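Source file upload.cif; content: mmCIF, C-alpha atoms.
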data_data
#
loop_
_atom_site.label_atom_id
_atom_site.label_comp_id
_atom_site.auth_asym_id
_atom_site.auth_seq_id
_atom_site.Cartn_x
_atom_site.Cartn_y
_atom_site.Cartn_z
CA MET A 1 55.17 54.36 60.18
CA ARG A 2 51.43 54.93 59.90
CA PHE A 3 49.78 53.21 56.94
CA ASN A 4 46.72 54.94 55.51
CA PRO A 5 45.29 52.97 52.55
CA PHE A 6 42.92 55.86 51.80
CA SER A 7 45.67 58.40 51.11
CA ALA A 8 46.20 59.79 47.61
CA ASP A 9 49.90 58.87 47.69
CA VAL A 10 49.17 55.23 48.47
CA ARG A 11 46.49 55.11 45.78
CA ARG A 12 48.92 56.53 43.23
CA ASP A 13 51.80 54.20 44.15
CA PRO A 14 51.47 51.90 47.17
CA TYR A 15 54.69 50.02 46.57
CA GLN A 16 57.11 52.45 48.19
CA THR A 17 54.94 52.35 51.31
CA TYR A 18 54.86 48.57 51.19
CA ARG A 19 58.65 48.41 51.06
CA GLN A 20 58.84 50.44 54.27
CA LEU A 21 56.12 48.39 55.95
CA ARG A 22 57.86 45.10 55.21
CA GLU A 23 60.89 46.26 57.15
CA ALA A 24 58.86 46.37 60.36
CA PRO A 25 57.09 43.55 62.17
CA ALA A 26 53.31 43.38 62.12
CA HIS A 27 51.85 46.53 63.57
CA LYS A 28 48.47 48.16 64.12
CA THR A 29 46.94 51.01 62.17
CA LEU A 30 43.33 52.16 61.86
CA GLY A 31 42.49 49.54 64.48
CA MET A 32 43.84 46.64 62.39
CA TRP A 33 46.94 44.52 62.34
CA VAL A 34 48.70 45.13 59.01
CA LEU A 35 50.62 42.23 57.44
CA THR A 36 52.82 42.83 54.40
CA ARG A 37 55.30 39.95 54.23
CA HIS A 38 54.51 37.07 51.90
CA ALA A 39 55.01 34.41 54.56
CA ASP A 40 52.73 36.18 57.05
CA VAL A 41 49.96 36.90 54.54
CA LYS A 42 50.01 33.34 53.21
CA ALA A 43 49.99 31.88 56.72
CA VAL A 44 46.84 33.80 57.67
CA MET A 45 45.11 32.87 54.41
CA ARG A 46 45.88 29.23 55.10
CA ASP A 47 44.82 29.35 58.76
CA ARG A 48 41.08 28.66 59.01
CA SER A 49 40.92 30.16 62.47
CA PHE A 50 41.13 33.55 60.74
CA SER A 51 37.55 34.16 59.64
CA ALA A 52 36.41 35.72 56.37
CA GLY A 53 33.09 36.57 58.00
CA LEU A 54 33.96 40.17 58.82
CA ILE A 55 31.97 41.59 55.89
CA PRO A 56 28.60 40.28 57.12
CA GLN A 57 29.35 41.74 60.55
CA LEU A 58 30.09 45.15 59.03
CA ILE A 59 26.97 45.06 56.86
CA ARG A 60 24.83 44.26 59.92
CA ARG A 61 26.48 47.11 61.80
CA GLN A 62 25.84 49.58 58.99
CA ALA A 63 22.26 48.33 58.60
CA ASP A 64 21.56 48.78 62.30
CA ARG A 65 23.06 52.26 62.08
CA PHE A 66 21.38 53.55 58.92
CA ALA A 67 18.44 51.38 57.87
CA PRO A 68 17.28 48.91 60.52
CA GLY A 69 14.84 46.36 59.20
CA GLU A 70 15.21 47.41 55.55
CA VAL A 71 18.11 45.35 54.22
CA GLY A 72 17.28 41.71 54.85
CA ARG A 73 18.32 40.50 51.38
CA ILE A 74 21.69 42.27 51.62
CA GLU A 75 22.38 40.62 54.96
CA ARG A 76 21.45 37.18 53.60
CA LEU A 77 23.62 37.78 50.53
CA ALA A 78 26.58 38.52 52.80
CA THR A 79 26.04 35.56 55.12
CA LYS A 80 25.34 33.03 52.34
CA SER A 81 27.96 33.95 49.72
CA LEU A 82 31.12 31.93 49.17
CA VAL A 83 33.26 35.05 49.41
CA PHE A 84 32.18 35.80 52.99
CA THR A 85 31.39 32.42 54.58
CA ASP A 86 33.39 30.10 56.81
CA ASN A 87 32.85 26.40 57.34
CA PRO A 88 30.52 24.57 57.44
CA ASP A 89 28.55 26.88 55.11
CA HIS A 90 31.56 27.53 52.90
CA ALA A 91 32.37 23.84 52.43
CA ARG A 92 28.74 23.07 51.52
CA LEU A 93 28.45 25.87 48.96
CA ARG A 94 31.88 25.20 47.50
CA ALA A 95 31.09 21.50 47.03
CA LEU A 96 28.09 22.42 44.89
CA VAL A 97 29.60 25.29 42.91
CA ASN A 98 32.97 23.61 42.27
CA ARG A 99 31.17 20.96 40.22
CA VAL A 100 30.39 23.61 37.61
CA PHE A 101 33.43 25.91 37.85
CA THR A 102 35.73 23.23 36.43
CA ALA A 103 38.86 23.77 34.36
CA GLN A 104 37.14 22.07 31.43
CA SER A 105 34.01 24.28 31.56
CA ILE A 106 36.08 27.45 31.82
CA ALA A 107 38.41 26.41 28.97
CA ALA A 108 35.33 25.85 26.81
CA LEU A 109 34.59 29.58 27.09
CA ARG A 110 37.76 30.54 25.19
CA PRO A 111 36.11 30.84 21.73
CA ARG A 112 33.40 33.11 23.08
CA ILE A 113 35.89 35.24 25.04
CA THR A 114 38.00 35.56 21.88
CA LEU A 115 34.98 36.67 19.84
CA VAL A 116 34.02 39.32 22.41
CA ALA A 117 37.61 40.62 22.63
CA GLU A 118 37.96 40.80 18.85
CA GLN A 119 34.66 42.66 18.49
CA LEU A 120 35.69 45.21 21.10
CA LEU A 121 39.08 45.68 19.46
CA GLN A 122 37.57 46.03 15.98
CA ASP A 123 35.39 48.88 17.21
CA ALA A 124 38.53 50.57 18.54
CA ARG A 125 40.49 49.98 15.33
CA ASP A 126 37.77 51.72 13.36
CA ARG A 127 38.37 54.80 15.55
CA GLY A 128 42.17 54.45 15.67
CA GLU A 129 42.27 54.76 19.43
CA MET A 130 40.45 53.66 22.56
CA ASP A 131 40.18 53.99 26.28
CA ALA A 132 41.49 50.53 27.10
CA ILE A 133 39.43 50.53 30.30
CA ALA A 134 36.00 51.82 29.21
CA ASP A 135 36.14 50.38 25.66
CA PHE A 136 37.87 47.06 26.30
CA ALA A 137 38.75 45.90 29.82
CA ALA A 138 35.42 46.89 31.43
CA PRO A 139 32.91 45.42 28.94
CA LEU A 140 34.86 42.19 28.41
CA PRO A 141 34.10 40.40 31.74
CA ILE A 142 30.51 41.67 31.82
CA GLN A 143 29.77 40.34 28.33
CA VAL A 144 31.52 37.04 29.00
CA MET A 145 29.59 36.39 32.22
CA CYS A 146 26.30 37.41 30.59
CA ASP A 147 27.04 34.91 27.83
CA TRP A 148 27.88 32.12 30.28
CA LEU A 149 24.65 32.77 32.17
CA ALA A 150 22.81 33.15 28.83
CA LEU A 151 21.22 36.42 29.96
CA ARG A 152 19.17 38.23 27.39
CA GLY A 153 17.07 41.36 26.95
CA SER A 154 16.66 44.04 29.58
CA ILE A 155 18.54 42.23 32.34
CA ARG A 156 21.69 42.18 30.19
CA ALA A 157 21.41 45.92 29.61
CA HIS A 158 21.31 46.60 33.38
CA VAL A 159 23.89 44.14 34.68
CA GLY A 160 26.91 46.40 34.28
CA GLN A 161 25.38 49.25 36.27
CA TRP A 162 23.92 46.90 38.90
CA THR A 163 27.33 45.32 39.38
CA HIS A 164 29.00 48.69 39.79
CA ASP A 165 26.38 49.83 42.32
CA ILE A 166 26.62 46.67 44.44
CA ARG A 167 30.43 46.93 44.76
CA PHE A 168 29.94 48.55 48.20
CA LEU A 169 29.13 45.10 49.57
CA LEU A 170 32.86 44.31 49.42
CA GLU A 171 33.65 47.40 51.53
CA PRO A 172 30.59 48.04 53.72
CA GLY A 173 32.49 50.37 56.02
CA LEU A 174 32.44 52.95 53.21
CA MET A 175 28.64 52.96 52.95
CA GLN A 176 26.56 55.87 54.17
CA GLY A 177 22.80 55.65 54.66
CA HIS A 178 21.89 56.57 51.07
CA ASP A 179 24.45 54.07 49.75
CA LEU A 180 22.98 51.28 51.86
CA ARG A 181 19.44 52.00 50.73
CA HIS A 182 20.50 52.21 47.08
CA VAL A 183 22.41 48.91 47.29
CA HIS A 184 19.35 47.34 48.90
CA THR A 185 17.17 48.52 45.99
CA VAL A 186 19.62 47.31 43.36
CA VAL A 187 20.08 43.90 44.98
CA GLU A 188 16.30 43.46 45.04
CA GLU A 189 16.03 44.39 41.35
CA PHE A 190 18.93 42.10 40.41
CA ALA A 191 17.53 39.23 42.49
CA GLN A 192 14.02 39.52 41.05
CA ALA A 193 15.35 39.55 37.49
CA LEU A 194 17.49 36.47 38.15
CA ALA A 195 14.56 34.69 39.82
CA GLU A 196 12.64 34.99 36.55
CA VAL A 197 15.60 33.60 34.61
CA ILE A 198 15.94 30.67 37.03
CA ALA A 199 12.25 29.82 36.63
CA GLN A 200 12.67 29.83 32.85
CA ARG A 201 15.77 27.60 33.01
CA ARG A 202 14.05 25.16 35.33
CA ALA A 203 11.32 24.79 32.72
CA GLN A 204 13.68 24.81 29.74
CA PRO A 205 17.25 23.96 30.80
CA GLY A 206 20.19 24.60 28.52
CA ASP A 207 23.98 24.35 28.72
CA ASP A 208 24.45 27.69 30.48
CA LEU A 209 25.84 28.22 33.97
CA ILE A 210 22.44 28.69 35.63
CA SER A 211 21.04 25.48 34.12
CA ARG A 212 24.09 23.54 35.21
CA LEU A 213 23.94 24.90 38.76
CA LEU A 214 20.24 23.97 38.91
CA ALA A 215 21.10 20.41 37.92
CA GLU A 216 23.88 19.89 40.46
CA GLU A 217 23.37 18.03 43.71
CA THR A 218 25.63 16.24 46.15
CA ALA A 219 25.59 12.50 46.82
CA GLY A 220 23.33 13.25 49.77
CA GLY A 221 20.82 15.08 47.58
CA ASP A 222 21.78 18.61 48.66
CA ARG A 223 21.12 21.39 46.15
CA LEU A 224 21.41 25.16 46.02
CA SER A 225 18.19 26.91 46.95
CA ASP A 226 16.89 29.44 44.42
CA GLU A 227 18.10 32.31 46.59
CA GLU A 228 21.55 30.74 47.01
CA LEU A 229 21.74 30.37 43.24
CA ILE A 230 20.77 34.02 42.84
CA PHE A 231 23.56 34.97 45.24
CA VAL A 232 26.11 32.87 43.33
CA CYS A 233 25.16 34.66 40.10
CA ILE A 234 25.30 38.12 41.67
CA MET A 235 28.71 37.48 43.23
CA CYS A 236 30.07 36.16 39.93
CA PHE A 237 29.59 39.70 38.65
CA VAL A 238 30.45 41.65 41.81
CA ALA A 239 33.62 39.71 42.71
CA GLY A 240 34.77 39.08 39.15
CA ASN A 241 34.12 42.25 37.19
CA GLU A 242 36.26 44.91 38.91
CA THR A 243 39.19 42.55 39.43
CA THR A 244 39.24 41.23 35.85
CA LYS A 245 38.89 44.74 34.43
CA SER A 246 41.76 45.93 36.62
CA LEU A 247 43.92 42.91 35.76
CA VAL A 248 43.66 43.67 32.03
CA GLY A 249 44.14 47.41 32.53
CA ASN A 250 47.03 47.18 35.00
CA GLY A 251 48.76 44.54 32.90
CA LEU A 252 48.46 46.53 29.68
CA ARG A 253 49.78 49.64 31.39
CA ALA A 254 52.78 47.71 32.74
CA LEU A 255 53.51 46.32 29.27
CA LEU A 256 53.38 49.73 27.60
CA LEU A 257 55.55 51.32 30.30
CA ASN A 258 58.18 48.60 29.78
CA PRO A 259 59.03 48.71 26.05
CA ASP A 260 61.28 45.65 26.20
CA GLN A 261 58.40 43.55 27.55
CA ASP A 262 55.97 45.11 25.06
CA ARG A 263 58.28 44.16 22.17
CA GLN A 264 58.76 40.66 23.55
CA LEU A 265 55.02 39.98 23.74
CA ARG A 266 54.49 41.56 20.32
CA ALA A 267 57.07 39.16 18.86
CA LEU A 268 55.77 36.15 20.80
CA PRO A 269 52.06 36.47 21.72
CA VAL A 270 52.28 32.94 23.15
CA LEU A 271 53.88 34.65 26.17
CA ALA A 272 50.45 36.04 27.08
CA GLN A 273 50.07 33.48 29.87
CA GLY A 274 53.32 34.67 31.46
CA ALA A 275 52.27 38.29 30.98
CA VAL A 276 49.05 37.65 32.90
CA ARG A 277 50.85 35.83 35.69
CA GLU A 278 53.32 38.68 36.03
CA ALA A 279 50.56 41.32 35.91
CA LEU A 280 48.81 39.55 38.78
CA ARG A 281 52.00 39.66 40.82
CA TYR A 282 53.37 43.06 39.80
CA ASP A 283 50.23 45.20 40.15
CA SER A 284 47.62 43.01 41.82
CA PRO A 285 43.99 44.02 41.18
CA LEU A 286 43.01 43.03 44.72
CA GLN A 287 45.52 44.81 46.93
CA LEU A 288 43.98 44.26 50.35
CA THR A 289 41.68 41.81 52.10
CA LYS A 290 40.58 41.39 55.70
CA ARG A 291 40.30 38.58 58.20
CA VAL A 292 39.26 38.49 61.86
CA ALA A 293 41.06 36.29 64.38
CA THR A 294 38.94 33.74 66.21
CA ARG A 295 41.78 32.77 68.58
CA ASP A 296 44.95 34.29 69.98
CA VAL A 297 47.91 34.01 67.57
CA GLY A 298 51.08 35.63 68.87
CA ARG A 299 50.40 39.33 69.40
CA ILE A 300 47.07 39.06 67.59
CA ARG A 301 44.14 38.45 69.94
CA ALA A 302 40.80 36.80 69.25
CA GLY A 303 38.47 39.39 67.72
CA ASP A 304 41.28 41.49 66.21
CA GLN A 305 40.95 42.53 62.58
CA VAL A 306 43.86 41.72 60.25
CA LEU A 307 44.54 43.60 57.02
CA LEU A 308 46.40 41.40 54.51
CA CYS A 309 48.39 43.48 52.00
CA ILE A 310 48.40 41.21 48.95
CA GLY A 311 50.12 43.82 46.80
CA ALA A 312 52.97 44.01 49.31
CA ALA A 313 53.29 40.24 49.63
CA ASN A 314 53.54 39.92 45.85
CA ARG A 315 56.64 42.14 45.81
CA ASP A 316 58.37 40.57 48.79
CA PRO A 317 62.10 40.19 47.87
CA GLU A 318 62.27 37.12 50.11
CA VAL A 319 60.15 35.32 47.50
CA PHE A 320 60.55 37.24 44.22
CA ALA A 321 63.95 38.22 42.84
CA ASP A 322 64.12 41.89 41.78
CA PRO A 323 60.41 42.23 42.68
CA ASP A 324 59.92 45.76 41.29
CA ARG A 325 60.92 44.65 37.79
CA PHE A 326 58.11 43.68 35.39
CA ASP A 327 59.22 40.51 33.59
CA ILE A 328 56.75 38.41 31.60
CA THR A 329 59.22 35.50 31.45
CA ARG A 330 59.38 35.22 35.25
CA ASN A 331 58.64 31.65 36.34
CA ASP A 332 57.55 32.35 39.93
CA GLU A 333 54.21 30.77 40.81
CA GLU A 334 53.97 32.07 44.37
CA HIS A 335 51.85 35.20 43.90
CA LEU A 336 48.83 35.55 46.18
CA ALA A 337 46.65 37.62 43.85
CA PHE A 338 43.90 35.00 43.99
CA GLY A 339 44.30 34.32 47.68
CA HIS A 340 45.31 30.98 49.12
CA GLY A 341 43.74 28.11 50.99
CA MET A 342 40.03 27.67 51.59
CA HIS A 343 39.12 31.11 50.21
CA GLY A 344 41.25 30.89 47.09
CA CYS A 345 39.37 32.73 44.35
CA LEU A 346 36.77 30.53 42.66
CA GLY A 347 36.87 32.68 39.52
CA GLY A 348 40.64 32.96 39.30
CA ALA A 349 40.90 30.62 36.31
CA LEU A 350 38.21 32.54 34.43
CA ALA A 351 39.86 35.91 35.15
CA THR A 352 43.20 34.50 33.99
CA LEU A 353 41.71 33.14 30.77
CA GLN A 354 39.99 36.43 29.95
CA ALA A 355 43.21 38.38 30.51
CA GLU A 356 45.20 35.89 28.40
CA VAL A 357 42.74 36.20 25.53
CA ALA A 358 42.74 40.00 25.92
CA PHE A 359 46.54 40.21 25.62
CA GLU A 360 46.64 37.67 22.78
CA THR A 361 44.01 39.66 20.88
CA LEU A 362 45.68 43.01 21.46
CA TYR A 363 49.14 41.76 20.53
CA ARG A 364 48.19 39.57 17.57
CA ARG A 365 45.57 41.78 15.95
CA ALA A 366 46.57 45.39 16.59
CA GLU A 367 49.41 46.89 14.60
CA GLY A 368 50.83 48.39 17.77
CA LEU A 369 49.72 50.14 20.94
CA ARG A 370 50.93 53.47 22.29
CA LEU A 371 50.00 55.29 25.47
CA LEU A 372 48.40 58.66 24.79
CA THR A 373 49.22 60.04 28.25
CA ASP A 374 51.74 59.42 31.00
CA ARG A 375 49.40 60.75 33.67
CA HIS A 376 47.22 57.92 34.92
CA GLN A 377 44.32 58.28 37.31
CA TRP A 378 43.51 55.43 39.67
CA GLN A 379 39.91 54.64 40.61
CA ASP A 380 38.85 56.02 43.97
CA HIS A 381 35.60 54.17 44.64
CA SER A 382 37.45 51.29 46.32
CA PHE A 383 40.50 51.09 48.51
CA ILE A 384 40.93 47.31 48.24
CA VAL A 385 40.94 47.17 44.41
CA ARG A 386 43.70 48.87 42.41
CA GLY A 387 42.59 49.79 38.91
CA LEU A 388 42.75 52.63 36.44
CA LYS A 389 39.93 55.03 35.68
CA HIS A 390 41.12 55.44 32.09
CA LEU A 391 43.92 54.18 29.87
CA PRO A 392 43.87 56.02 26.50
CA VAL A 393 45.91 54.26 23.83
CA ALA A 394 46.46 54.69 20.09
CA LEU A 395 46.34 51.71 17.75
#

What would the structure in this file look like if it were written as structure tokens?
Amino acid sequence: MRFNPFSADVRRDPYQTYRQLREAPAHKTLGMWVLTRHADVKAVMRDRSFSAGLIPQLIRRQADRFAPGEVGRIERLATKSLVFTDNPDHARLRALVNRVFTAQSIAALRPRITLVAEQLLQDARDRGEMDAIADFAAPLPIQVMCDWLALRGSIRAHVGQWTHDIRFLLEPGLMQGHDLRHVHTVVEEFAQALAEVIAQRRAQPGDDLISRLLAEETAGGDRLSDEELIFVCIMCFVAGNETTKSLVGNGLRALLLNPDQDRQLRALPVLAQGAVREALRYDSPLQLTKRVATRDVGRIRAGDQVLLCIGAANRDPEVFADPDRFDITRNDEEHLAFGHGMHGCLGGALATLQAEVAFETLYRRAEGLRLLTDRHQWQDHSFIVRGLKHLPVAL
């Protein structure tokens, strides 16, 4: 069969297509090898000879096509960001950033995440209903990251829109000339604003993420440059916002469409951790990611692009019993929603914590939640991220 990730049917429900794809061996479509089986997707993620550097190549290609000489910062952002780099650059950056993104530092954010979630929910309770995406799932990760970075004033007011505008960097093939120029402008504005914050923190350090990244250095004295630190901060928003928003939204939708699971979490909010884990598996926010082969591997030749269908792998019946059933008590730990291997998601623990707190808050504080429509629209500005445009609910 021919797999078209851009089609309306796949956007509405990709899982029937995935079931058919898993029955066939790896095949090519749209010039890419498409892998859907859990074992195949995990193997490529683990194999460092499959490069994550395809995005910088595509950005350079689009820049040469639409705006030669005008997008230097975008190109540097792509080539010097953890998300897109291979070793040795990746290992160097990861060694510095991992010192700050520790389990302990992320766990310490729980009280602040809880406060933000409760404030958002209280606003909704005053109205009696909310759009769980626009009023809850979307502002939560933006506010939490702004708090961790201790951003204040005008920069905080712009971060949400900047993050949304820069999302094209994750899918540069979708950019037209005007998109590329706009992203370039936004990245410059974002970078300049962060440069001012970094200068302030260097003079007056605190306990925020930027101050801690400024203070980190390896045993050999290596540190992040100011521009590398700017890129880390930008990608914290760009890579973390859409996926966390979609995790909360997709998970809440799955709960409300499965009344037995909704009742179970309502009775035992301590099951929130299991609900998040199952939401990640059942309706993964990041459905697709790409690699490029640097050597021949079976039928795949060096230079070939490989499309990894994470959403398909996470419903592979070879790994997950009754994979199309949403079950918050499922004990499987094998989902690939945060990737695997060297490029496992740096912010996965933070996204998980925010979703846990979101579900705990919704199921401990609200008297009950009810969907106000059974017709759900999926966002169409990305084909790699699966998330809802709106999710109206009554409280």

Once the PyMOL selection byres ((chain A and resi 294-307) around 6) is applied to the coordinates I shared, what remains selected? I want it as a PDB file with C-alpha atoms, keeping the file's coordinate frame.
ATOM      1  CA  MET A  32      43.840  46.640  62.390  1.00  0.00           C
ATOM      2  CA  TRP A  33      46.940  44.520  62.340  1.00  0.00           C
ATOM      3  CA  VAL A  34      48.700  45.130  59.010  1.00  0.00           C
ATOM      4  CA  SER A  49      40.920  30.160  62.470  1.00  0.00           C
ATOM      5  CA  PHE A  50      41.130  33.550  60.740  1.00  0.00           C
ATOM      6  CA  THR A 289      41.680  41.810  52.100  1.00  0.00           C
ATOM      7  CA  LYS A 290      40.580  41.390  55.700  1.00  0.00           C
ATOM      8  CA  ARG A 291      40.300  38.580  58.200  1.00  0.00           C
ATOM      9  CA  VAL A 292      39.260  38.490  61.860  1.00  0.00           C
ATOM     10  CA  ALA A 293      41.060  36.290  64.380  1.00  0.00           C
ATOM     11  CA  LEU A 308      46.400  41.400  54.510  1.00  0.00           C
TER      12      LEU A 308
END

Under the PyMOL selection byres ((chain A and resi 11) around 9), which residues of this model are included? Write them out as a PDB file with C-alpha atoms, in the frame of the given file.
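Just written: result.pdb:
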ATOM      1  CA  PRO A   5      45.290  52.970  52.550  1.00  0.00           C
ATOM      2  CA  PHE A   6      42.920  55.860  51.800  1.00  0.00           C
ATOM      3  CA  SER A   7      45.670  58.400  51.110  1.00  0.00           C
ATOM      4  CA  ALA A   8      46.200  59.790  47.610  1.00  0.00           C
ATOM      5  CA  ASP A   9      49.900  58.870  47.690  1.00  0.00           C
ATOM      6  CA  VAL A  10      49.170  55.230  48.470  1.00  0.00           C
ATOM      7  CA  ARG A  12      48.920  56.530  43.230  1.00  0.00           C
ATOM      8  CA  ASP A  13      51.800  54.200  44.150  1.00  0.00           C
ATOM      9  CA  PRO A  14      51.470  51.900  47.170  1.00  0.00           C
ATOM     10  CA  TRP A 378      43.510  55.430  39.670  1.00  0.00           C
ATOM     11  CA  GLN A 379      39.910  54.640  40.610  1.00  0.00           C
ATOM     12  CA  ASP A 380      38.850  56.020  43.970  1.00  0.00           C
ATOM     13  CA  PHE A 383      40.500  51.090  48.510  1.00  0.00           C
ATOM     14  CA  ARG A 386      43.700  48.870  42.410  1.00  0.00           C
TER      15      ARG A 386
END

From the list A:Leu140, A:Ala394, A:Leu21, A:Val83, which residue is nearest Ile234 in chain A when using all atoms listed in the file?
A:Val83

Selection in question (the file shown): the PyMOL selection byres ((chain A and resi 181) around 12). Which residues does it include, as a PyMOL selection string?
chain A and resi 59+62-63+65-74+165-166+168-169+175-180+182-188

So how many Å separate CA of Glu216 in chain A and CA of Phe231 in chain A, to one decimal?
15.8 Å

Sphere at (37.0, 40.0, 42.2), radius 12 Å, counting only C-alpha atoms: residues as number ranges by chain
A: 83, 141, 163, 167, 169-170, 234-247, 284-289, 337-339, 344-352, 384-387

Export, as a CSV table (one decimal), keeping the file's coordinate frame, the selected residues with C-alpha atoms.
chain,number,residue,atom,x,y,z
A,83,VAL,CA,33.3,35.0,49.4
A,141,PRO,CA,34.1,40.4,31.7
A,163,THR,CA,27.3,45.3,39.4
A,167,ARG,CA,30.4,46.9,44.8
A,169,LEU,CA,29.1,45.1,49.6
A,170,LEU,CA,32.9,44.3,49.4
A,234,ILE,CA,25.3,38.1,41.7
A,235,MET,CA,28.7,37.5,43.2
A,236,CYS,CA,30.1,36.2,39.9
A,237,PHE,CA,29.6,39.7,38.6
A,238,VAL,CA,30.4,41.6,41.8
A,239,ALA,CA,33.6,39.7,42.7
A,240,GLY,CA,34.8,39.1,39.2
A,241,ASN,CA,34.1,42.2,37.2
A,242,GLU,CA,36.3,44.9,38.9
A,243,THR,CA,39.2,42.6,39.4
A,244,THR,CA,39.2,41.2,35.8
A,245,LYS,CA,38.9,44.7,34.4
A,246,SER,CA,41.8,45.9,36.6
A,247,LEU,CA,43.9,42.9,35.8
A,284,SER,CA,47.6,43.0,41.8
A,285,PRO,CA,44.0,44.0,41.2
A,286,LEU,CA,43.0,43.0,44.7
A,287,GLN,CA,45.5,44.8,46.9
A,288,LEU,CA,44.0,44.3,50.4
A,289,THR,CA,41.7,41.8,52.1
A,337,ALA,CA,46.6,37.6,43.8
A,338,PHE,CA,43.9,35.0,44.0
A,339,GLY,CA,44.3,34.3,47.7
A,344,GLY,CA,41.2,30.9,47.1
A,345,CYS,CA,39.4,32.7,44.4
A,346,LEU,CA,36.8,30.5,42.7
A,347,GLY,CA,36.9,32.7,39.5
A,348,GLY,CA,40.6,33.0,39.3
A,349,ALA,CA,40.9,30.6,36.3
A,350,LEU,CA,38.2,32.5,34.4
A,351,ALA,CA,39.9,35.9,35.2
A,352,THR,CA,43.2,34.5,34.0
A,384,ILE,CA,40.9,47.3,48.2
A,385,VAL,CA,40.9,47.2,44.4
A,386,ARG,CA,43.7,48.9,42.4
A,387,GLY,CA,42.6,49.8,38.9

N, CA, C and O atoms restored at range 214-226 of chain A, emitted as a compact mmCIF listing (two decimals), in the coordinates of the input:
# COMPACT_ATOMS: atom_id res chain seq x y z
N LEU A 214 21.53 24.53 38.52
CA LEU A 214 20.24 23.97 38.91
C LEU A 214 20.28 22.45 38.93
O LEU A 214 19.60 21.80 39.75
N ALA A 215 21.07 21.87 38.05
CA ALA A 215 21.10 20.41 37.92
C ALA A 215 22.01 19.73 38.93
O ALA A 215 21.93 18.51 39.13
N GLU A 216 22.90 20.49 39.58
CA GLU A 216 23.88 19.89 40.46
C GLU A 216 23.28 19.54 41.82
O GLU A 216 22.50 20.29 42.38
N GLU A 217 23.70 18.39 42.34
CA GLU A 217 23.37 18.03 43.71
C GLU A 217 24.45 17.10 44.23
O GLU A 217 25.15 16.43 43.46
N THR A 218 24.63 17.09 45.54
CA THR A 218 25.63 16.24 46.15
C THR A 218 25.11 14.81 46.24
O THR A 218 23.94 14.54 45.98
N ALA A 219 25.99 13.90 46.66
CA ALA A 219 25.59 12.50 46.82
C ALA A 219 24.45 12.36 47.82
O ALA A 219 23.63 11.45 47.73
N GLY A 220 24.40 13.29 48.77
CA GLY A 220 23.33 13.25 49.77
C GLY A 220 22.06 13.95 49.34
O GLY A 220 21.11 14.06 50.12
N GLY A 221 22.02 14.43 48.09
CA GLY A 221 20.82 15.08 47.58
C GLY A 221 20.73 16.57 47.87
O GLY A 221 19.69 17.19 47.62
N ASP A 222 21.81 17.18 48.36
CA ASP A 222 21.78 18.61 48.66
C ASP A 222 21.86 19.42 47.37
O ASP A 222 22.61 19.08 46.45
N ARG A 223 21.11 20.49 47.30
CA ARG A 223 21.12 21.39 46.15
C ARG A 223 21.16 22.84 46.64
O ARG A 223 20.84 23.13 47.79
N LEU A 224 21.53 23.72 45.73
CA LEU A 224 21.41 25.16 46.02
C LEU A 224 19.93 25.54 46.02
O LEU A 224 19.17 25.13 45.13
N SER A 225 19.53 26.33 47.00
CA SER A 225 18.19 26.91 46.95
C SER A 225 18.18 27.98 45.86
O SER A 225 19.23 28.43 45.38
N ASP A 226 16.97 28.40 45.45
CA ASP A 226 16.89 29.44 44.42
C ASP A 226 17.60 30.72 44.87
O ASP A 226 18.30 31.36 44.08
